[in-house]
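Structure data (mmCIF, C-alpha atoms) from query.cif:
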```
data_structure
#
loop_
_atom_site.label_atom_id
_atom_site.label_comp_id
_atom_site.auth_asym_id
_atom_site.auth_seq_id
_atom_site.Cartn_x
_atom_site.Cartn_y
_atom_site.Cartn_z
CA GLN A 1220 -11.65 -33.43 193.20
CA VAL A 1221 -15.22 -32.25 192.93
CA GLN A 1222 -16.00 -28.77 194.21
CA LEU A 1223 -19.33 -27.02 194.45
CA VAL A 1224 -19.07 -23.42 195.55
CA GLU A 1225 -22.16 -21.41 196.41
CA SER A 1226 -22.28 -17.64 196.38
CA GLY A 1227 -24.79 -14.81 196.43
CA GLY A 1228 -26.19 -15.14 199.92
CA GLY A 1229 -26.63 -12.23 202.24
CA LEU A 1230 -28.95 -10.18 204.41
CA VAL A 1231 -32.07 -8.82 202.74
CA GLN A 1232 -35.47 -7.54 203.74
CA ALA A 1233 -38.74 -9.37 203.31
CA GLY A 1234 -40.02 -8.95 199.76
CA ASP A 1235 -36.54 -8.58 198.27
CA SER A 1236 -34.88 -10.85 195.75
CA LEU A 1237 -31.57 -12.71 195.68
CA ARG A 1238 -29.85 -14.91 193.16
CA LEU A 1239 -27.65 -17.70 194.39
CA SER A 1240 -25.00 -19.29 192.21
CA CYS A 1241 -23.26 -22.61 192.50
CA ALA A 1242 -20.11 -23.11 190.46
CA ALA A 1243 -19.01 -26.68 189.87
CA ALA A 1244 -15.53 -27.99 189.16
CA GLY A 1245 -13.95 -31.42 188.91
CA LEU A 1246 -16.93 -33.12 187.32
CA THR A 1247 -18.65 -33.27 183.96
CA PHE A 1248 -21.33 -30.82 184.94
CA SER A 1249 -23.69 -31.61 182.08
CA ASN A 1250 -23.92 -35.20 183.32
CA TYR A 1251 -25.25 -34.18 186.72
CA ASN A 1252 -28.65 -33.29 187.99
CA MET A 1253 -28.48 -30.43 190.45
CA GLY A 1254 -30.40 -29.57 193.56
CA TRP A 1255 -30.72 -26.75 196.06
CA PHE A 1256 -31.45 -27.51 199.70
CA ARG A 1257 -31.65 -25.33 202.77
CA GLN A 1258 -31.24 -25.82 206.46
CA ALA A 1259 -32.38 -23.50 209.20
CA PRO A 1260 -30.98 -23.74 212.73
CA GLY A 1261 -32.38 -26.73 214.56
CA LYS A 1262 -34.21 -28.03 211.51
CA GLU A 1263 -33.66 -30.72 208.93
CA ARG A 1264 -32.23 -30.05 205.52
CA ASP A 1265 -35.14 -29.30 203.20
CA PHE A 1266 -35.42 -29.59 199.46
CA VAL A 1267 -35.81 -26.29 197.63
CA ALA A 1268 -35.41 -27.00 193.92
CA GLY A 1269 -33.90 -29.43 191.46
CA ILE A 1270 -33.06 -29.46 187.78
CA ARG A 1271 -32.23 -32.26 185.41
CA TRP A 1272 -28.85 -32.44 183.72
CA SER A 1273 -30.31 -31.05 180.50
CA GLY A 1274 -32.15 -28.22 182.21
CA GLY A 1275 -35.35 -29.41 180.61
CA THR A 1276 -37.21 -30.33 183.79
CA ARG A 1277 -37.34 -28.50 187.10
CA TYR A 1278 -38.73 -29.44 190.48
CA TYR A 1279 -39.67 -27.29 193.46
CA GLY A 1280 -40.55 -27.61 197.09
CA ASP A 1281 -44.07 -26.56 197.94
CA SER A 1282 -43.06 -23.52 199.96
CA VAL A 1283 -41.04 -21.94 197.16
CA ARG A 1284 -42.78 -23.13 194.02
CA ASP A 1285 -44.25 -19.78 192.99
CA ARG A 1286 -41.36 -17.62 194.16
CA PHE A 1287 -38.09 -19.38 193.31
CA SER A 1288 -36.65 -20.45 189.98
CA ILE A 1289 -33.79 -22.84 189.30
CA THR A 1290 -31.77 -22.62 186.11
CA ARG A 1291 -28.43 -23.85 184.90
CA ASP A 1292 -25.79 -22.92 182.37
CA ASN A 1293 -23.87 -26.01 181.35
CA ALA A 1294 -21.36 -23.93 179.43
CA LYS A 1295 -20.45 -22.15 182.66
CA ASN A 1296 -20.76 -25.19 184.95
CA THR A 1297 -23.13 -23.19 187.12
CA VAL A 1298 -26.57 -23.62 188.58
CA TYR A 1299 -28.61 -20.68 189.84
CA LEU A 1300 -31.44 -20.13 192.25
CA GLN A 1301 -33.44 -16.97 191.71
CA MET A 1302 -35.36 -16.16 194.87
CA ASN A 1303 -38.13 -13.59 194.74
CA SER A 1304 -40.58 -12.29 197.34
CA LEU A 1305 -38.36 -13.52 200.12
CA LYS A 1306 -39.88 -14.20 203.50
CA SER A 1307 -38.37 -14.46 206.96
CA GLU A 1308 -39.00 -18.21 206.88
CA ASP A 1309 -36.63 -18.47 203.92
CA THR A 1310 -33.76 -17.71 206.29
CA ALA A 1311 -31.35 -20.65 206.17
CA VAL A 1312 -28.06 -21.89 204.88
CA TYR A 1313 -28.53 -22.82 201.24
CA TYR A 1314 -26.63 -25.74 199.75
CA CYS A 1315 -26.25 -26.93 196.21
CA ALA A 1316 -25.76 -30.59 195.46
CA ALA A 1317 -25.03 -32.79 192.47
CA VAL A 1318 -26.19 -36.27 191.57
CA SER A 1319 -25.56 -38.36 188.48
CA GLY A 1320 -28.12 -40.73 187.06
CA HIS A 1321 -31.55 -40.70 185.54
CA TYR A 1322 -34.19 -39.33 187.85
CA TYR A 1323 -37.63 -38.26 186.81
CA TYR A 1324 -39.66 -37.63 189.94
CA LEU A 1325 -39.82 -34.86 192.49
CA SER A 1326 -39.40 -37.38 195.30
CA GLU A 1327 -36.07 -38.45 193.85
CA TYR A 1328 -34.71 -34.93 193.62
CA ALA A 1329 -35.99 -34.11 197.08
CA ASP A 1330 -34.08 -36.94 198.78
CA PRO A 1331 -30.73 -35.57 200.00
CA ARG A 1332 -29.38 -39.09 200.38
CA ARG A 1333 -29.24 -39.49 196.60
CA TYR A 1334 -26.76 -36.68 196.09
CA ASP A 1335 -23.11 -37.42 195.51
CA HIS A 1336 -21.56 -34.02 196.11
CA TRP A 1337 -22.37 -30.99 198.25
CA GLY A 1338 -21.22 -27.43 198.53
CA GLN A 1339 -20.29 -25.69 201.75
CA GLY A 1340 -23.41 -23.54 201.82
CA THR A 1341 -24.22 -19.85 201.73
CA GLN A 1342 -26.22 -18.00 204.36
CA VAL A 1343 -29.43 -16.23 203.42
CA THR A 1344 -31.02 -14.07 206.08
CA VAL A 1345 -34.34 -12.35 205.50
CA SER A 1346 -35.37 -9.70 207.98
CA SER A 1347 -39.04 -8.92 208.46
#
```

Taking this structure as input, can you express it in the form of structure tokens?
Amino acid sequence: QVQLVESGGGLVQAGDSLRLSCAAAGLTFSNYNMGWFRQAPGKERDFVAGIRWSGGTRYYGDSVRDRFSITRDNAKNTVYLQMNSLKSEDTAVYYCAAVSGHYYYLSEYADPRRYDHWGQGTQVTVSS
């Protein structure tokens, strides 16, 4: 049974930083591309960042490109999202997701329908 478990969310002030983690179990982690998405109340689930199985290529949504960084540690079966210079509009539930296969374009990583497995989400709240 595949499990993706996010952690690291919380309440912070604008300008602060947070690092989210997503620990994977029940799958061969190094075979999976990973993504982070977020969903604010009343809004659609938006792409935040993605990383290829090897960690060699990373993709970002426009609103976070210069502030967030996605990394992974295949030895620890974990993907991270470092979030800097947080803004109130970053407030959302953050989800990690896993997809197998060979994908090379931002549009592919940004499509939530491609992903095979999802975590339960972690809340990030940024107060202004």

### Query
Near segment 1328-1337 of chain A, counting all atoms listed in the file, which residues have an atom at most 8 Å away, once you skip same-chain residues fewer than 4 positions from it, shown as a ChimeraX atom specification?
/A:1221-1223,1254,1264-1269,1278,1280,1314-1319,1322,1324

### Task
Find the spatial neighbours of segment 1225-1235 of chain A, counting all atoms listed in the file, within a cut-off of 8 Å - ignore same-chain residues fewer than 3 positions away - and output them as a PyMOL selection string.
chain A and resi 1238-1242+1303-1307+1314-1315+1338-1347

### Task
Find the residues near Tyr1323 of chain A: any atom within 9 Å, counting all atoms listed in the file, skip ones fewer than 3 places away on the same chain, and give them as JSON, numbers by chain.
{"A": [1271, 1276, 1326, 1327, 1328]}

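Taking atom CA of Trp1272 of chain A and atom CA of Ala1244 of chain A as endpoints, the distance between them is 15.1 Å.
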
### Query
Which of these residues is nearest to Phe1287 of chain A, using all atoms listed in the file: A:Ser1236, A:Ser1249, A:Gln1258, A:Gln1220?
A:Ser1236

#### Entry: Atom pair atom CA of Gly1275 of chain A / atom CA of Leu1246 of chain A: separation (Å)
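Separation between atom CA of Gly1275 of chain A and atom CA of Leu1246 of chain A: 20.0 Å.
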
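Of the listed residues A:Ala1259, A:Glu1308, A:Tyr1251, A:Arg1286, the one whose atoms come nearest to Gly1274 of chain A is A:Tyr1251, with distances taken using only C-alpha atoms.
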
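The space between atom CA of Thr1297 of chain A and atom CA of Leu1237 of chain A spans 15.9 Å.
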
### Message
Which residue is closest to Arg1291 of chain A? Choose from A:Leu1325, A:Ile1270, A:Gly1320, A:Asp1309 and count only C-alpha atoms.
### Response
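Comparing A:Leu1325, A:Ile1270, A:Gly1320, A:Asp1309 against Arg1291 of chain A, the winner is A:Ile1270.
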
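With only C-alpha atoms as the atoms that count, the minimum distance from Tyr1279 of chain A to the choices A:Gly1245, A:Leu1300, A:Ala1294, A:Ala1311 is reached by A:Leu1300.
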
### Query
Looking at A:Ala1243, A:His1321, A:Tyr1313, A:Asp1285, which one is nearest to Ser1273 of chain A, with distances taken over all atoms listed in the file?
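Distance minimum relative to Ser1273 of chain A lands on A:His1321.
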
### Query
Out of A:Gly1261, A:Trp1255, A:Thr1247, A:Val1224, which residue has the shortest atom-to-atom distance to Ser1288 of chain A when counting all atoms listed in the file?
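Nearest to Ser1288 of chain A: A:Trp1255.
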